[in-house]
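Enquirer: My structure is below; once you've seen it, I'll send some questions.
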Amino acid sequence: MPDSTGQLASRIIELETELAERRRAEELQRALYEIASLSVADSPEHEHYVELHDIVGRLMYAKNFIIATYDADDGMIRQQYLVDEDPGEVMESFPFGEGISSLVIRSRLPWLLDHALFQSLVEAGEIRAPRGLVDFNSWMGAPLIAQDTVYGVIIVQSYSTDVTYTQADLDLLNYVASHVAAIVARWQSNIALKQANDELAASAETLRLLGDVGKDLTASLDTLAICKTMERHIGALLPMDAFGVALLSPAGDALDYAYYIEDGVVDASNSYPLDHPTSLAVLTFREDRELTLFNDPQLANAPSASTIEESAPIRSAVFRPLIANGRRIGVVTVQSHQADAYGERHIEVFRSATAYAAIALANADAYATAEAARKQAAQALHDLHQAEAQLVHSEKMAALGQLIAGVAHEINTPIGAIKSSGRNITEALGSALLDLPALLDELDAAHRVYFSELLTRASRPKAVMSTREERGIVREVTAQLEALGVAQPRHNAGLLVQLQSHTDLEQVLPLLRHPAGDRILNTAYGIATITTNADNINTAVDRVAKIIFALKSFSRFGGVQVWTGSDLREGIETVLTIYQNQIKHGIELVRQFEEVPPVRCLPDEISQVWTNLIHNALQAMDQKGVLTLGLRRDGDNALVSITDTGCGMTPEVRERIFDAFFTTKPAGEGTGLGLDIVRKIIEKHGGQIYVTSEVGRGSTFTVSLPIAGVG
């Protein structure tokens, strides 16, 4: 009976042990399930660590519980969660190598320590004693290892002698840690991925902002505007309490601050010679290197703004040379009252922004230099909207200067004709009209009719005759008058030819045989002279008006340009009028014009195209040869061709003729801008220009323009 009782008790103990183990296994299984469920979180939050603590606490004594992560890149251990019975304990971060956590991470093994073992490991150098008081009774730590990487450590400890951990507890903690490690690894991967995505988004945003910086900076050609634009953008991207741009002086011996602002106050312009001993901008420029200073004595020794009262000392500053086209043009600086204000990312952004600024400032300087040179070379050229338009106008004025002599001759010729005709009219009035009333009284009705017909024939348009042709006709009429017995046959023959009455002598014979025959012819000749010279005056005035109109059309420039339909033939003819003096002295002009509808364009600019091309053609022929102008339609385009029989071009020259500043003319006779301007104008109009040429035979330039215009 006693044996049965003992067996029963033993069996009960076995069953209780089995039940406890089963419950513990179930608890462990439930714990692992709960740990796994935490993996759905993208990143750890405080409540997640609280749940891990609760799970471990159900498996073992864990009133003092720590989870710490390890960053191998920066060698730091950071406590992410800490619960301790000592209210003075707070989470901290410390370098790898300190404390028991470093031993667990370094060995990649779980450790079970009591105070005595801890002291022996410290004395053996295995553990570098942690900061603060170590007063635990029992301590366990297991590494968080996943995919052969240590992500941290999980720690439980007891201060009470009533709780001492066993190897079984350590095995359980290590088992739990292996599952926790997978979650921590996932969390850290997610955090790293989020950081990478955030950095990528920040980089993309920075690139966008830098693109805006470049666009805004290069949109201006004003130095002060560029400096202010850069200040605005840099202030949005970096910590900034002061900003400045210093540029190399025109003499090249100093840095002149074009702009400096600190705490919102703009300083007066300052200048520092390149041998200044303490100017950081000068040092940066002189040594051609970036200068980054944090809490440096050089900042305190540097010269301060002359008109700004410093609110706080500058503790951080970056100075960077401005380099454009391989040439140092100045220095830009960004400064802060904060210590260590600028990280590597800030400096990279600053470098990119200053690269744009250097280009913009170099462009502004080049523009200012070119603008000054243009104003000095041509005081009359002002208020131009853009540099390219100014070059077009300069080229047009240069071409106009070459035409002055020819145009003066063209105008002087009709003016001379007007003066001569006026003098002839004055003389004729005295000899003809004053005698006309008395003469008409002496004529009967029949002779008056003959006289009227004579005047009618004299007023008809005359066929152009050479001097030789006229002399031959006078000889023939003289012989006829001699045969008819007319007095003074040679004199009368000359008058009849001038009066266009030599072809039908029967109509004038009654007048010749009249007693007042000499007065009749002289009076008719005088009246005809008045009529002819009046016509000459009208023709000359029309000629002068045409030349003046052509000059006005040629030289018209400025104001608001308007796209409008333009007759290309009319524009070409206007240019030909300007060059008529050169053309008529040795140039054979051939027009091959077809009907083409008006082309939508800027007429002034297109007129400049014909001017440059015709001018070049005349020069290529040395003012002697055949100039052929063609105009025809090709689908939706109008084609204009200008062909000369000049010297032609080699293939090497032909490849470069549209390059700016390339010219084959002697120094002082060409700028090399004419064909570059022509090409730009044509491209602006959506057209194209082609050239064919053969040395010794001439060249042909063909311009294609869309009839409907662009846009």
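Letters A, B, ... go to the chains of the structure tokens in the order shown; residues in each chain start at 1; ligands are counted from 1 in the same order.
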I'd like the neighbourhood of stretch 252-258 of chain A as a list in words, where a residue qualifies if any of its atoms comes within 8 Å (using only C-alpha atoms), though same-chain residues fewer than 4 positions away should be ignored.

Expert: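 Using only C-alpha atoms, the neighbours found are Thr223, Leu224, Cys227, Gly244, Val245, Ala246, Leu247, Leu248, Ser269, Asn270, Ser271, Tyr272, Pro273, Leu274, Ala281, Val282 and Gly330 of chain A.
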
Enquirer: Store the residues of this selection in a file with all heavy atoms, as a compact mmCIF listing (two decimals), in the first residue's frame.

Expert:
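Listed below is the output, out35.txt:
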```txt
# COMPACT_ATOMS: atom_id res chain seq x y z
N THR A 223 24.57 91.69 -62.46
CA THR A 223 25.36 91.10 -61.38
C THR A 223 24.63 91.15 -60.04
O THR A 223 24.56 90.15 -59.32
CB THR A 223 26.71 91.82 -61.27
OG1 THR A 223 27.43 91.65 -62.50
CG2 THR A 223 27.55 91.24 -60.13
N LEU A 224 24.08 92.30 -59.69
CA LEU A 224 23.39 92.43 -58.40
C LEU A 224 22.17 91.52 -58.34
O LEU A 224 21.91 90.88 -57.31
CB LEU A 224 23.00 93.88 -58.16
CG LEU A 224 22.34 94.18 -56.80
CD1 LEU A 224 23.28 93.80 -55.67
CD2 LEU A 224 21.96 95.65 -56.71
N CYS A 227 23.32 88.00 -57.68
CA CYS A 227 23.71 87.81 -56.28
C CYS A 227 22.48 87.66 -55.38
O CYS A 227 22.44 86.78 -54.51
CB CYS A 227 24.55 88.99 -55.83
SG CYS A 227 26.17 89.12 -56.63
N GLY A 244 27.80 86.37 -49.16
CA GLY A 244 28.53 87.40 -49.89
C GLY A 244 29.11 86.89 -51.19
O GLY A 244 29.42 85.71 -51.33
N VAL A 245 29.25 87.82 -52.15
CA VAL A 245 29.89 87.53 -53.43
C VAL A 245 30.93 88.62 -53.67
O VAL A 245 30.60 89.81 -53.69
CB VAL A 245 28.88 87.52 -54.59
CG1 VAL A 245 29.60 87.33 -55.93
CG2 VAL A 245 27.85 86.42 -54.39
N ALA A 246 32.18 88.20 -53.81
CA ALA A 246 33.27 89.12 -54.10
C ALA A 246 33.83 88.78 -55.48
O ALA A 246 34.06 87.61 -55.78
CB ALA A 246 34.36 89.02 -53.05
N LEU A 247 34.03 89.79 -56.31
CA LEU A 247 34.50 89.59 -57.68
C LEU A 247 35.85 90.25 -57.88
O LEU A 247 36.16 91.28 -57.26
CB LEU A 247 33.49 90.16 -58.68
CG LEU A 247 32.09 89.54 -58.63
CD1 LEU A 247 31.17 90.26 -59.61
CD2 LEU A 247 32.15 88.05 -58.95
N LEU A 248 36.64 89.64 -58.74
CA LEU A 248 37.96 90.20 -59.06
C LEU A 248 37.77 91.57 -59.71
O LEU A 248 36.96 91.74 -60.62
CB LEU A 248 38.70 89.25 -60.01
CG LEU A 248 40.15 89.64 -60.35
CD1 LEU A 248 41.02 89.60 -59.09
CD2 LEU A 248 40.70 88.70 -61.41
N SER A 269 29.66 98.43 -50.08
CA SER A 269 30.66 97.74 -50.89
C SER A 269 32.02 97.84 -50.21
O SER A 269 32.44 98.90 -49.75
CB SER A 269 30.73 98.35 -52.29
OG SER A 269 29.49 98.20 -52.94
N ASN A 270 32.73 96.71 -50.16
CA ASN A 270 34.07 96.65 -49.59
C ASN A 270 35.02 96.04 -50.60
O ASN A 270 34.61 95.24 -51.45
CB ASN A 270 34.08 95.82 -48.30
CG ASN A 270 33.38 96.54 -47.16
OD1 ASN A 270 33.67 97.69 -46.87
ND2 ASN A 270 32.43 95.87 -46.51
N SER A 271 36.28 96.40 -50.49
CA SER A 271 37.29 95.88 -51.40
C SER A 271 38.51 95.50 -50.59
O SER A 271 38.90 96.21 -49.66
CB SER A 271 37.65 96.93 -52.46
OG SER A 271 38.64 96.42 -53.34
N TYR A 272 39.13 94.34 -50.95
CA TYR A 272 40.31 93.86 -50.25
C TYR A 272 41.39 93.51 -51.26
O TYR A 272 41.14 92.74 -52.20
CB TYR A 272 39.97 92.62 -49.40
CG TYR A 272 38.92 92.90 -48.35
CD1 TYR A 272 37.59 92.55 -48.57
CD2 TYR A 272 39.24 93.52 -47.16
CE1 TYR A 272 36.61 92.81 -47.63
CE2 TYR A 272 38.27 93.78 -46.20
CZ TYR A 272 36.96 93.43 -46.44
OH TYR A 272 35.99 93.70 -45.50
N PRO A 273 42.59 94.06 -51.10
CA PRO A 273 43.67 93.72 -52.03
C PRO A 273 44.03 92.24 -51.92
O PRO A 273 43.81 91.61 -50.88
CB PRO A 273 44.82 94.62 -51.57
CG PRO A 273 44.51 94.95 -50.14
CD PRO A 273 43.02 95.00 -50.05
N LEU A 274 44.60 91.71 -52.99
CA LEU A 274 44.90 90.28 -53.02
C LEU A 274 46.03 89.88 -52.08
O LEU A 274 46.32 88.68 -51.96
CB LEU A 274 45.21 89.84 -54.45
CG LEU A 274 44.04 89.91 -55.43
CD1 LEU A 274 44.43 89.33 -56.78
CD2 LEU A 274 42.82 89.17 -54.89
N ALA A 281 38.10 85.60 -47.94
CA ALA A 281 37.77 85.57 -49.37
C ALA A 281 39.04 85.68 -50.20
O ALA A 281 39.23 84.96 -51.20
CB ALA A 281 36.81 86.71 -49.71
N VAL A 282 39.95 86.57 -49.79
CA VAL A 282 41.23 86.71 -50.50
C VAL A 282 42.03 85.43 -50.41
O VAL A 282 42.63 84.97 -51.40
CB VAL A 282 42.01 87.91 -49.93
CG1 VAL A 282 43.45 87.90 -50.43
CG2 VAL A 282 41.33 89.22 -50.31
N GLY A 330 36.10 85.21 -58.87
CA GLY A 330 35.72 85.76 -57.57
C GLY A 330 35.54 84.66 -56.54
O GLY A 330 36.02 83.53 -56.70
```

Enquirer: Taking only stretch 227-395 of chain A into account, list the residues labelled helix (DSSP H, G or I) by DSSP (computed from the backbone), as a ChimeraX atom specification.

Expert: /A:227-237,280-287,297-301,344-377,387-395

Enquirer: For A:Gly517, which of A:Ile359, A:Ile537, A:Val486, A:Ile155 is the closest residue, counting only C-alpha atoms?

Expert: A:Val486

Enquirer: Would you list, as a PDB file with N, CA and C atoms, in the first residue's frame, the residues of stretch 97-313 of chain A that end up in strand (DSSP E) under DSSP run on this structure's backbone?

Expert:
```pdb
ATOM      1  N   TRP A 111      25.648  35.277 -23.151  1.00  0.00           N
ATOM      2  CA  TRP A 111      26.459  35.251 -21.935  1.00  0.00           C
ATOM      3  C   TRP A 111      25.550  35.301 -20.712  1.00  0.00           C
ATOM      4  N   LEU A 112      25.967  34.468 -19.695  1.00  0.00           N
ATOM      5  CA  LEU A 112      25.297  34.438 -18.394  1.00  0.00           C
ATOM      6  C   LEU A 112      26.347  34.832 -17.364  1.00  0.00           C
ATOM      7  N   LEU A 113      26.115  35.926 -16.674  1.00  0.00           N
ATOM      8  CA  LEU A 113      27.111  36.443 -15.743  1.00  0.00           C
ATOM      9  C   LEU A 113      26.500  36.672 -14.375  1.00  0.00           C
ATOM     10  N   ASP A 114      27.353  36.394 -13.362  1.00  0.00           N
ATOM     11  CA  ASP A 114      27.059  36.929 -12.045  1.00  0.00           C
ATOM     12  C   ASP A 114      28.101  37.998 -11.766  1.00  0.00           C
ATOM     13  N   SER A 138      22.429  38.885 -11.242  1.00  0.00           N
ATOM     14  CA  SER A 138      22.485  37.920 -12.355  1.00  0.00           C
ATOM     15  C   SER A 138      22.169  38.677 -13.649  1.00  0.00           C
ATOM     16  N   TRP A 139      22.933  38.353 -14.695  1.00  0.00           N
ATOM     17  CA  TRP A 139      22.818  39.110 -15.961  1.00  0.00           C
ATOM     18  C   TRP A 139      22.852  38.142 -17.130  1.00  0.00           C
ATOM     19  N   MET A 140      21.941  38.350 -18.114  1.00  0.00           N
ATOM     20  CA  MET A 140      21.966  37.543 -19.343  1.00  0.00           C
ATOM     21  C   MET A 140      21.882  38.477 -20.551  1.00  0.00           C
ATOM     22  N   GLY A 141      22.662  38.153 -21.575  1.00  0.00           N
ATOM     23  CA  GLY A 141      22.577  38.899 -22.833  1.00  0.00           C
ATOM     24  C   GLY A 141      22.738  37.948 -24.004  1.00  0.00           C
ATOM     25  N   ALA A 142      21.874  38.130 -25.014  1.00  0.00           N
ATOM     26  CA  ALA A 142      21.944  37.274 -26.208  1.00  0.00           C
ATOM     27  C   ALA A 142      22.050  38.171 -27.441  1.00  0.00           C
ATOM     28  N   PRO A 143      22.926  37.804 -28.387  1.00  0.00           N
ATOM     29  CA  PRO A 143      23.082  38.643 -29.591  1.00  0.00           C
ATOM     30  C   PRO A 143      21.878  38.487 -30.529  1.00  0.00           C
ATOM     31  N   LEU A 144      21.537  39.578 -31.189  1.00  0.00           N
ATOM     32  CA  LEU A 144      20.485  39.549 -32.212  1.00  0.00           C
ATOM     33  C   LEU A 144      21.182  39.328 -33.555  1.00  0.00           C
ATOM     34  N   ILE A 145      21.197  38.080 -33.981  1.00  0.00           N
ATOM     35  CA  ILE A 145      21.923  37.713 -35.206  1.00  0.00           C
ATOM     36  C   ILE A 145      20.927  37.218 -36.250  1.00  0.00           C
ATOM     37  N   ALA A 146      21.001  37.806 -37.442  1.00  0.00           N
ATOM     38  CA  ALA A 146      20.164  37.373 -38.572  1.00  0.00           C
ATOM     39  C   ALA A 146      21.002  37.471 -39.836  1.00  0.00           C
ATOM     40  N   THR A 149      24.598  38.572 -39.504  1.00  0.00           N
ATOM     41  CA  THR A 149      24.893  39.950 -39.139  1.00  0.00           C
ATOM     42  C   THR A 149      24.371  40.206 -37.735  1.00  0.00           C
ATOM     43  N   VAL A 150      25.214  40.823 -36.903  1.00  0.00           N
ATOM     44  CA  VAL A 150      24.801  41.154 -35.545  1.00  0.00           C
ATOM     45  C   VAL A 150      24.080  42.494 -35.593  1.00  0.00           C
ATOM     46  N   TYR A 151      22.811  42.508 -35.232  1.00  0.00           N
ATOM     47  CA  TYR A 151      22.013  43.729 -35.254  1.00  0.00           C
ATOM     48  C   TYR A 151      21.895  44.382 -33.882  1.00  0.00           C
ATOM     49  N   GLY A 152      22.320  43.644 -32.828  1.00  0.00           N
ATOM     50  CA  GLY A 152      22.218  44.232 -31.508  1.00  0.00           C
ATOM     51  C   GLY A 152      22.258  43.161 -30.439  1.00  0.00           C
ATOM     52  N   VAL A 153      21.629  43.476 -29.293  1.00  0.00           N
ATOM     53  CA  VAL A 153      21.666  42.571 -28.150  1.00  0.00           C
ATOM     54  C   VAL A 153      20.380  42.751 -27.354  1.00  0.00           C
ATOM     55  N   ILE A 154      19.925  41.640 -26.749  1.00  0.00           N
ATOM     56  CA  ILE A 154      18.768  41.676 -25.851  1.00  0.00           C
ATOM     57  C   ILE A 154      19.257  41.266 -24.461  1.00  0.00           C
ATOM     58  N   ILE A 155      18.883  42.018 -23.444  1.00  0.00           N
ATOM     59  CA  ILE A 155      19.463  41.853 -22.106  1.00  0.00           C
ATOM     60  C   ILE A 155      18.343  41.796 -21.074  1.00  0.00           C
ATOM     61  N   VAL A 156      18.502  40.857 -20.130  1.00  0.00           N
ATOM     62  CA  VAL A 156      17.682  40.859 -18.919  1.00  0.00           C
ATOM     63  C   VAL A 156      18.637  40.750 -17.734  1.00  0.00           C
ATOM     64  N   GLN A 157      18.262  41.332 -16.616  1.00  0.00           N
ATOM     65  CA  GLN A 157      19.141  41.259 -15.450  1.00  0.00           C
ATOM     66  C   GLN A 157      18.315  41.345 -14.173  1.00  0.00           C
ATOM     67  N   SER A 158      18.932  40.840 -13.121  1.00  0.00           N
ATOM     68  CA  SER A 158      18.263  40.825 -11.805  1.00  0.00           C
ATOM     69  C   SER A 158      19.205  41.455 -10.788  1.00  0.00           C
ATOM     70  N   ALA A 242      24.698  84.856 -43.102  1.00  0.00           N
ATOM     71  CA  ALA A 242      25.441  85.840 -43.896  1.00  0.00           C
ATOM     72  C   ALA A 242      25.776  85.220 -45.248  1.00  0.00           C
ATOM     73  N   PHE A 243      25.810  86.087 -46.256  1.00  0.00           N
ATOM     74  CA  PHE A 243      26.087  85.624 -47.620  1.00  0.00           C
ATOM     75  C   PHE A 243      26.810  86.745 -48.366  1.00  0.00           C
ATOM     76  N   GLY A 244      27.799  86.373 -49.158  1.00  0.00           N
ATOM     77  CA  GLY A 244      28.526  87.403 -49.889  1.00  0.00           C
ATOM     78  C   GLY A 244      29.107  86.891 -51.186  1.00  0.00           C
ATOM     79  N   VAL A 245      29.245  87.816 -52.147  1.00  0.00           N
ATOM     80  CA  VAL A 245      29.887  87.529 -53.432  1.00  0.00           C
ATOM     81  C   VAL A 245      30.930  88.616 -53.666  1.00  0.00           C
ATOM     82  N   ALA A 246      32.180  88.198 -53.806  1.00  0.00           N
ATOM     83  CA  ALA A 246      33.267  89.124 -54.101  1.00  0.00           C
ATOM     84  C   ALA A 246      33.827  88.781 -55.478  1.00  0.00           C
ATOM     85  N   LEU A 247      34.033  89.795 -56.308  1.00  0.00           N
ATOM     86  CA  LEU A 247      34.500  89.591 -57.678  1.00  0.00           C
ATOM     87  C   LEU A 247      35.854  90.253 -57.877  1.00  0.00           C
ATOM     88  N   LEU A 248      36.644  89.642 -58.741  1.00  0.00           N
ATOM     89  CA  LEU A 248      37.956  90.199 -59.059  1.00  0.00           C
ATOM     90  C   LEU A 248      37.774  91.566 -59.708  1.00  0.00           C
ATOM     91  N   ALA A 254      42.474  93.123 -56.719  1.00  0.00           N
ATOM     92  CA  ALA A 254      41.672  93.160 -55.493  1.00  0.00           C
ATOM     93  C   ALA A 254      40.386  92.375 -55.699  1.00  0.00           C
ATOM     94  N   LEU A 255      39.762  92.042 -54.555  1.00  0.00           N
ATOM     95  CA  LEU A 255      38.426  91.451 -54.581  1.00  0.00           C
ATOM     96  C   LEU A 255      37.441  92.517 -54.110  1.00  0.00           C
ATOM     97  N   ASP A 256      36.472  92.826 -54.961  1.00  0.00           N
ATOM     98  CA  ASP A 256      35.441  93.808 -54.632  1.00  0.00           C
ATOM     99  C   ASP A 256      34.150  93.068 -54.303  1.00  0.00           C
ATOM    100  N   TYR A 257      33.599  93.322 -53.114  1.00  0.00           N
ATOM    101  CA  TYR A 257      32.337  92.688 -52.751  1.00  0.00           C
ATOM    102  C   TYR A 257      31.204  93.326 -53.554  1.00  0.00           C
ATOM    103  N   ALA A 258      30.642  92.537 -54.456  1.00  0.00           N
ATOM    104  CA  ALA A 258      29.490  93.011 -55.222  1.00  0.00           C
ATOM    105  C   ALA A 258      28.229  92.986 -54.367  1.00  0.00           C
ATOM    106  N   TYR A 259      28.241  92.085 -53.358  1.00  0.00           N
ATOM    107  CA  TYR A 259      27.039  91.962 -52.518  1.00  0.00           C
ATOM    108  C   TYR A 259      27.435  91.247 -51.239  1.00  0.00           C
ATOM    109  N   TYR A 260      27.004  91.785 -50.106  1.00  0.00           N
ATOM    110  CA  TYR A 260      27.200  91.115 -48.815  1.00  0.00           C
ATOM    111  C   TYR A 260      26.023  91.468 -47.921  1.00  0.00           C
ATOM    112  N   ILE A 261      25.418  90.450 -47.318  1.00  0.00           N
ATOM    113  CA  ILE A 261      24.278  90.656 -46.430  1.00  0.00           C
ATOM    114  C   ILE A 261      24.464  89.788 -45.204  1.00  0.00           C
ATOM    115  N   GLU A 262      24.183  90.355 -44.037  1.00  0.00           N
ATOM    116  CA  GLU A 262      24.294  89.614 -42.782  1.00  0.00           C
ATOM    117  C   GLU A 262      23.125  89.987 -41.890  1.00  0.00           C
ATOM    118  N   VAL A 265      20.738  92.556 -43.253  1.00  0.00           N
ATOM    119  CA  VAL A 265      21.205  93.916 -43.524  1.00  0.00           C
ATOM    120  C   VAL A 265      22.285  93.857 -44.596  1.00  0.00           C
ATOM    121  N   VAL A 266      22.116  94.671 -45.648  1.00  0.00           N
ATOM    122  CA  VAL A 266      23.086  94.703 -46.741  1.00  0.00           C
ATOM    123  C   VAL A 266      24.214  95.657 -46.368  1.00  0.00           C
ATOM    124  N   SER A 271      36.279  96.403 -50.493  1.00  0.00           N
ATOM    125  CA  SER A 271      37.291  95.881 -51.404  1.00  0.00           C
ATOM    126  C   SER A 271      38.514  95.495 -50.591  1.00  0.00           C
ATOM    127  N   TYR A 272      39.125  94.343 -50.950  1.00  0.00           N
ATOM    128  CA  TYR A 272      40.307  93.862 -50.246  1.00  0.00           C
ATOM    129  C   TYR A 272      41.387  93.511 -51.260  1.00  0.00           C
ATOM    130  N   PRO A 273      42.588  94.060 -51.100  1.00  0.00           N
ATOM    131  CA  PRO A 273      43.668  93.716 -52.033  1.00  0.00           C
ATOM    132  C   PRO A 273      44.031  92.238 -51.923  1.00  0.00           C
ATOM    133  N   LEU A 291      37.370  76.704 -48.765  1.00  0.00           N
ATOM    134  CA  LEU A 291      37.747  76.921 -47.376  1.00  0.00           C
ATOM    135  C   LEU A 291      36.522  76.706 -46.509  1.00  0.00           C
ATOM    136  N   THR A 292      36.571  75.683 -45.643  1.00  0.00           N
ATOM    137  CA  THR A 292      35.466  75.373 -44.739  1.00  0.00           C
ATOM    138  C   THR A 292      35.963  75.516 -43.313  1.00  0.00           C
ATOM    139  N   LEU A 293      35.336  76.404 -42.554  1.00  0.00           N
ATOM    140  CA  LEU A 293      35.805  76.723 -41.208  1.00  0.00           C
ATOM    141  C   LEU A 293      34.670  76.560 -40.207  1.00  0.00           C
ATOM    142  N   PHE A 294      34.993  75.893 -39.077  1.00  0.00           N
ATOM    143  CA  PHE A 294      34.047  75.738 -37.981  1.00  0.00           C
ATOM    144  C   PHE A 294      34.754  76.140 -36.679  1.00  0.00           C
TER     145      PHE A 294
END
```

Enquirer: Extract, using only C-alpha atoms, all DNA, RNA and protein residues at most 9 Å from stretch 23-35 of chain A, discarding same-chain residues fewer than 5 positions from it, and format them as a PyMOL selection string.

Expert: chain A and resi 18+51-52+55-56+58-59+172+176+179-180+183

Enquirer: From the list A:Tyr70, A:Tyr367, A:Tyr356, A:Phe319, which residue is nearest A:Ile226 when using only C-alpha atoms?

Expert: A:Tyr356

Enquirer: Could you tell me how far atom CA of A:Leu484 sits from atom CA of A:Arg519, in Å to one decimal place?

Expert: 19.3 Å
